[in-house]
file run_10.cif (mmCIF, N, CA and C atoms)
data_protein
loop_
_atom_site.label_atom_id
_atom_site.label_comp_id
_atom_site.auth_asym_id
_atom_site.auth_seq_id
_atom_site.Cartn_x
_atom_site.Cartn_y
_atom_site.Cartn_z
N LYS Q 37 -9.71 167.29 143.19
CA LYS Q 37 -8.85 167.30 142.02
C LYS Q 37 -7.53 167.98 142.34
N THR Q 38 -6.49 167.42 141.79
CA THR Q 38 -5.17 168.01 141.96
C THR Q 38 -4.81 168.78 140.70
N LYS Q 39 -4.33 170.01 140.88
CA LYS Q 39 -3.90 170.81 139.74
C LYS Q 39 -2.53 170.32 139.28
N ASN Q 40 -2.33 170.36 137.98
CA ASN Q 40 -1.00 170.03 137.45
C ASN Q 40 -0.03 171.14 137.82
N LEU Q 41 1.11 170.76 138.31
CA LEU Q 41 2.13 171.74 138.68
C LEU Q 41 3.11 171.91 137.53
N PHE Q 42 3.47 173.14 137.25
CA PHE Q 42 4.48 173.42 136.24
C PHE Q 42 5.84 173.39 136.93
N LEU Q 43 6.68 172.50 136.50
CA LEU Q 43 8.00 172.38 137.10
C LEU Q 43 9.06 172.79 136.10
N MET Q 44 10.06 173.49 136.57
CA MET Q 44 11.12 173.96 135.68
C MET Q 44 11.85 172.81 135.01
N ARG Q 45 11.92 171.66 135.66
CA ARG Q 45 12.61 170.53 135.05
C ARG Q 45 11.89 170.04 133.79
N ASP Q 46 10.60 170.37 133.69
CA ASP Q 46 9.82 170.00 132.52
C ASP Q 46 10.06 170.94 131.33
N CYS Q 47 10.78 172.02 131.58
CA CYS Q 47 11.02 173.03 130.55
C CYS Q 47 12.48 173.49 130.64
N PRO Q 48 13.41 172.66 130.20
CA PRO Q 48 14.82 173.03 130.33
C PRO Q 48 15.18 174.24 129.46
N VAL Q 49 16.16 174.99 129.90
CA VAL Q 49 16.64 176.14 129.15
C VAL Q 49 17.42 175.64 127.95
N PRO Q 50 17.05 176.08 126.74
CA PRO Q 50 17.80 175.62 125.57
C PRO Q 50 19.21 176.21 125.55
N ILE Q 51 20.11 175.47 125.02
CA ILE Q 51 21.49 175.92 124.90
C ILE Q 51 21.79 176.10 123.42
N ASP Q 52 22.01 177.34 123.02
CA ASP Q 52 22.27 177.66 121.62
C ASP Q 52 23.75 177.96 121.49
N ILE Q 53 24.51 176.99 121.09
CA ILE Q 53 25.95 177.20 120.98
C ILE Q 53 26.33 177.95 119.72
N SER Q 54 25.35 178.22 118.84
CA SER Q 54 25.65 178.96 117.62
C SER Q 54 25.64 180.47 117.85
N ASN Q 55 25.22 180.93 119.03
CA ASN Q 55 25.19 182.36 119.34
C ASN Q 55 26.33 182.68 120.30
N PRO Q 56 27.37 183.35 119.79
CA PRO Q 56 28.53 183.64 120.65
C PRO Q 56 28.34 184.85 121.56
N LEU Q 57 27.20 185.57 121.44
CA LEU Q 57 26.99 186.78 122.22
C LEU Q 57 26.54 186.46 123.64
N SER Q 58 27.03 187.25 124.58
CA SER Q 58 26.56 187.13 125.96
C SER Q 58 25.19 187.79 126.06
N TYR Q 59 24.53 187.61 127.18
CA TYR Q 59 23.22 188.23 127.39
C TYR Q 59 23.35 189.75 127.32
N GLU Q 60 24.40 190.27 127.94
CA GLU Q 60 24.63 191.72 127.91
C GLU Q 60 24.85 192.21 126.49
N ASP Q 61 25.63 191.47 125.71
CA ASP Q 61 25.87 191.86 124.32
C ASP Q 61 24.57 191.85 123.51
N CYS Q 62 23.73 190.86 123.74
CA CYS Q 62 22.43 190.79 123.04
C CYS Q 62 21.57 192.00 123.39
N CYS Q 63 21.54 192.36 124.66
CA CYS Q 63 20.75 193.51 125.09
C CYS Q 63 21.27 194.80 124.47
N ASN Q 64 22.59 194.96 124.46
CA ASN Q 64 23.19 196.16 123.88
C ASN Q 64 22.95 196.23 122.38
N LYS Q 65 23.06 195.10 121.71
CA LYS Q 65 22.83 195.06 120.26
C LYS Q 65 21.39 195.49 119.95
N ARG Q 66 20.44 194.93 120.67
CA ARG Q 66 19.04 195.27 120.41
C ARG Q 66 18.75 196.72 120.77
N ALA Q 67 19.34 197.22 121.86
CA ALA Q 67 19.15 198.62 122.24
C ALA Q 67 19.64 199.53 121.12
N ASN Q 68 20.80 199.22 120.57
CA ASN Q 68 21.33 200.02 119.46
C ASN Q 68 20.44 199.96 118.23
N GLU Q 69 19.88 198.79 117.95
CA GLU Q 69 18.95 198.66 116.82
C GLU Q 69 17.73 199.55 117.02
N LEU Q 70 17.19 199.54 118.24
CA LEU Q 70 16.01 200.36 118.53
C LEU Q 70 16.33 201.85 118.47
N ILE Q 71 17.46 202.24 119.03
CA ILE Q 71 17.87 203.64 119.04
C ILE Q 71 18.09 204.14 117.62
N SER Q 72 18.67 203.30 116.77
CA SER Q 72 18.99 203.72 115.41
C SER Q 72 17.75 203.94 114.53
N THR Q 73 16.57 203.50 114.98
CA THR Q 73 15.36 203.75 114.19
C THR Q 73 14.98 205.22 114.21
N GLY Q 74 15.45 205.95 115.22
CA GLY Q 74 15.12 207.37 115.34
C GLY Q 74 13.72 207.63 115.86
N LYS Q 75 13.00 206.58 116.18
CA LYS Q 75 11.64 206.73 116.70
C LYS Q 75 11.67 206.99 118.20
N LYS Q 76 10.62 207.62 118.67
CA LYS Q 76 10.48 207.85 120.11
C LYS Q 76 10.22 206.51 120.78
N LEU Q 77 10.96 206.23 121.84
CA LEU Q 77 10.81 204.97 122.56
C LEU Q 77 10.22 205.23 123.94
N TYR Q 78 9.35 204.34 124.35
CA TYR Q 78 8.76 204.40 125.69
C TYR Q 78 9.09 203.10 126.41
N VAL Q 79 9.49 203.22 127.67
CA VAL Q 79 9.77 202.04 128.48
C VAL Q 79 8.79 202.04 129.65
N LEU Q 80 8.02 200.98 129.75
CA LEU Q 80 7.14 200.82 130.90
C LEU Q 80 7.96 200.13 131.98
N TRP Q 81 8.51 200.94 132.87
CA TRP Q 81 9.45 200.43 133.88
C TRP Q 81 8.72 200.11 135.18
N SER Q 82 8.74 198.84 135.54
CA SER Q 82 8.08 198.40 136.77
C SER Q 82 9.06 198.33 137.94
N GLY Q 83 10.35 198.36 137.61
CA GLY Q 83 11.36 198.21 138.65
C GLY Q 83 11.83 196.77 138.79
N GLY Q 84 11.24 195.87 138.00
CA GLY Q 84 11.64 194.47 138.02
C GLY Q 84 12.88 194.24 137.18
N ILE Q 85 13.32 193.01 137.13
CA ILE Q 85 14.55 192.66 136.43
C ILE Q 85 14.44 192.92 134.93
N ASP Q 86 13.34 192.50 134.31
CA ASP Q 86 13.21 192.63 132.86
C ASP Q 86 13.19 194.08 132.41
N SER Q 87 12.32 194.89 133.02
CA SER Q 87 12.22 196.27 132.58
C SER Q 87 13.47 197.06 132.95
N THR Q 88 14.12 196.73 134.04
CA THR Q 88 15.37 197.40 134.41
C THR Q 88 16.46 197.07 133.40
N CYS Q 89 16.51 195.85 132.93
CA CYS Q 89 17.48 195.44 131.92
C CYS Q 89 17.29 196.25 130.65
N VAL Q 90 16.05 196.42 130.23
CA VAL Q 90 15.74 197.22 129.03
C VAL Q 90 16.20 198.66 129.23
N LEU Q 91 15.84 199.24 130.34
CA LEU Q 91 16.19 200.64 130.63
C LEU Q 91 17.69 200.84 130.68
N VAL Q 92 18.40 199.96 131.36
CA VAL Q 92 19.86 200.08 131.47
C VAL Q 92 20.52 199.94 130.11
N ALA Q 93 20.07 198.99 129.30
CA ALA Q 93 20.66 198.80 127.96
C ALA Q 93 20.46 200.05 127.11
N LEU Q 94 19.28 200.65 127.18
CA LEU Q 94 19.03 201.88 126.41
C LEU Q 94 19.90 203.02 126.92
N LEU Q 95 19.99 203.17 128.22
CA LEU Q 95 20.81 204.25 128.79
C LEU Q 95 22.30 204.07 128.48
N LYS Q 96 22.78 202.85 128.58
CA LYS Q 96 24.19 202.55 128.29
C LYS Q 96 24.56 202.85 126.85
N ASN Q 97 23.58 202.74 125.98
CA ASN Q 97 23.86 202.87 124.56
C ASN Q 97 23.46 204.22 123.99
N GLY Q 98 23.26 205.19 124.87
CA GLY Q 98 23.15 206.57 124.44
C GLY Q 98 21.80 207.17 124.22
N ILE Q 99 20.75 206.54 124.71
CA ILE Q 99 19.44 207.17 124.54
C ILE Q 99 19.36 208.37 125.48
N LYS Q 100 18.68 209.39 125.03
CA LYS Q 100 18.56 210.62 125.85
C LYS Q 100 17.25 210.64 126.60
#
call {"tool": "encode", "arguments": {"input": "run_10.cif", "output": "structure tokens"}}
result
Amino acid sequence: KTKNLFLMRDCPVPIDISNPLSYEDCCNKRANELISTGKKLYVLWSGGIDSTCVLVALLKNGIK
């Protein structure tokens, strides 16, 4: 039996032209929303791209 292969061409990246924010702006906006809750935040940082992006956005936007 041959396993079905998942190919990226089968799952194109959607293009949302109604959102004028860059990826960085989206990350900063969400970081500010989370910081403004006043709750204690925990980041499970693996050192990968996703968790590093979260950590950097929080640090850039003033989390202590």
call {"tool": "closest_residue", "arguments": {"input": "run_10.cif", "among": "Q:Pro48, Q:Tyr59, Q:Asn64, Q:Thr73", "to": "Lys96 (chain Q)", "atoms": "all atoms listed in the file"}}
result
Q:Asn64
call {"tool": "resolve_selection", "arguments": {"input": "run_10.cif", "expression": "the PyMOL selection byres ((chain Q and resi 93) around 8)", "output": "list in words"}}
result
Glu60, Cys63, Asn64, Lys65, Arg66, Ala67, Asn68, Ser87, Thr88, Cys89, Val90, Leu91, Val92, Leu94, Leu95, Lys96, Asn97, Gly98 and Ile99 of chain Q
call {"tool": "select_by_dssp", "arguments": {"input": "run_10.cif", "residues": "chain Q", "states": "helix (DSSP H, G or I)", "output": "ChimeraX atom specification"}}
result
/Q:44-46,59-71,85-96
call {"tool": "atom_distance", "arguments": {"input": "run_10.cif", "atom1": "atom C of Pro56 (chain Q)", "atom2": "atom N of Glu69 (chain Q)"}}
result
16.7 Å
call {"tool": "axis_aligned_box", "arguments": {"input": "run_10.cif", "around": "region 49-66 of chain Q", "padding_each_side": "4 Å", "output": "AutoDock Vina command-line options"}}
result
--center_x 22.3 --center_y 185.9 --center_z 123.8 --size_x 20.4 --size_y 29.7 --size_z 20.3
call {"tool": "build_atoms", "arguments": {"input": "run_10.cif", "residues": "region 75-92 of chain Q", "atoms": "N, CA, C and O atoms", "output": "short mmCIF file (atom, residue, chain, number, x, y, z; two decimals), in the coordinates of the input"}}
result
data_model
loop_
_atom_site.label_atom_id
_atom_site.label_comp_id
_atom_site.auth_asym_id
_atom_site.auth_seq_id
_atom_site.Cartn_x
_atom_site.Cartn_y
_atom_site.Cartn_z
N LYS Q 75 13.00 206.58 116.18
CA LYS Q 75 11.64 206.73 116.70
C LYS Q 75 11.67 206.99 118.20
O LYS Q 75 12.61 206.61 118.89
N LYS Q 76 10.62 207.62 118.67
CA LYS Q 76 10.48 207.85 120.11
C LYS Q 76 10.22 206.51 120.78
O LYS Q 76 9.38 205.73 120.34
N LEU Q 77 10.96 206.23 121.84
CA LEU Q 77 10.81 204.97 122.56
C LEU Q 77 10.22 205.23 123.94
O LEU Q 77 10.57 206.20 124.60
N TYR Q 78 9.35 204.34 124.35
CA TYR Q 78 8.76 204.40 125.69
C TYR Q 78 9.09 203.10 126.41
O TYR Q 78 8.99 202.03 125.83
N VAL Q 79 9.49 203.22 127.67
CA VAL Q 79 9.77 202.04 128.48
C VAL Q 79 8.79 202.04 129.65
O VAL Q 79 8.73 203.00 130.41
N LEU Q 80 8.02 200.98 129.75
CA LEU Q 80 7.14 200.82 130.90
C LEU Q 80 7.96 200.13 131.98
O LEU Q 80 8.13 198.92 131.98
N TRP Q 81 8.51 200.94 132.87
CA TRP Q 81 9.45 200.43 133.88
C TRP Q 81 8.72 200.11 135.18
O TRP Q 81 8.16 200.98 135.83
N SER Q 82 8.74 198.84 135.54
CA SER Q 82 8.08 198.40 136.77
C SER Q 82 9.06 198.33 137.94
O SER Q 82 8.66 198.21 139.07
N GLY Q 83 10.35 198.36 137.61
CA GLY Q 83 11.36 198.21 138.65
C GLY Q 83 11.83 196.77 138.79
O GLY Q 83 12.71 196.47 139.59
N GLY Q 84 11.24 195.87 138.00
CA GLY Q 84 11.64 194.47 138.02
C GLY Q 84 12.88 194.24 137.18
O GLY Q 84 13.43 195.15 136.56
N ILE Q 85 13.32 193.01 137.13
CA ILE Q 85 14.55 192.66 136.43
C ILE Q 85 14.44 192.92 134.93
O ILE Q 85 15.34 193.52 134.33
N ASP Q 86 13.34 192.50 134.31
CA ASP Q 86 13.21 192.63 132.86
C ASP Q 86 13.19 194.08 132.41
O ASP Q 86 13.93 194.48 131.50
N SER Q 87 12.32 194.89 133.02
CA SER Q 87 12.22 196.27 132.58
C SER Q 87 13.47 197.06 132.95
O SER Q 87 13.86 197.98 132.22
N THR Q 88 14.12 196.73 134.04
CA THR Q 88 15.37 197.40 134.41
C THR Q 88 16.46 197.07 133.40
O THR Q 88 17.24 197.95 133.02
N CYS Q 89 16.51 195.85 132.93
CA CYS Q 89 17.48 195.44 131.92
C CYS Q 89 17.29 196.25 130.65
O CYS Q 89 18.25 196.74 130.05
N VAL Q 90 16.05 196.42 130.23
CA VAL Q 90 15.74 197.22 129.03
C VAL Q 90 16.20 198.66 129.23
O VAL Q 90 16.88 199.24 128.38
N LEU Q 91 15.84 199.24 130.34
CA LEU Q 91 16.19 200.64 130.63
C LEU Q 91 17.69 200.84 130.68
O LEU Q 91 18.23 201.77 130.07
N VAL Q 92 18.40 199.96 131.36
CA VAL Q 92 19.86 200.08 131.47
C VAL Q 92 20.52 199.94 130.11
O VAL Q 92 21.42 200.71 129.77
#
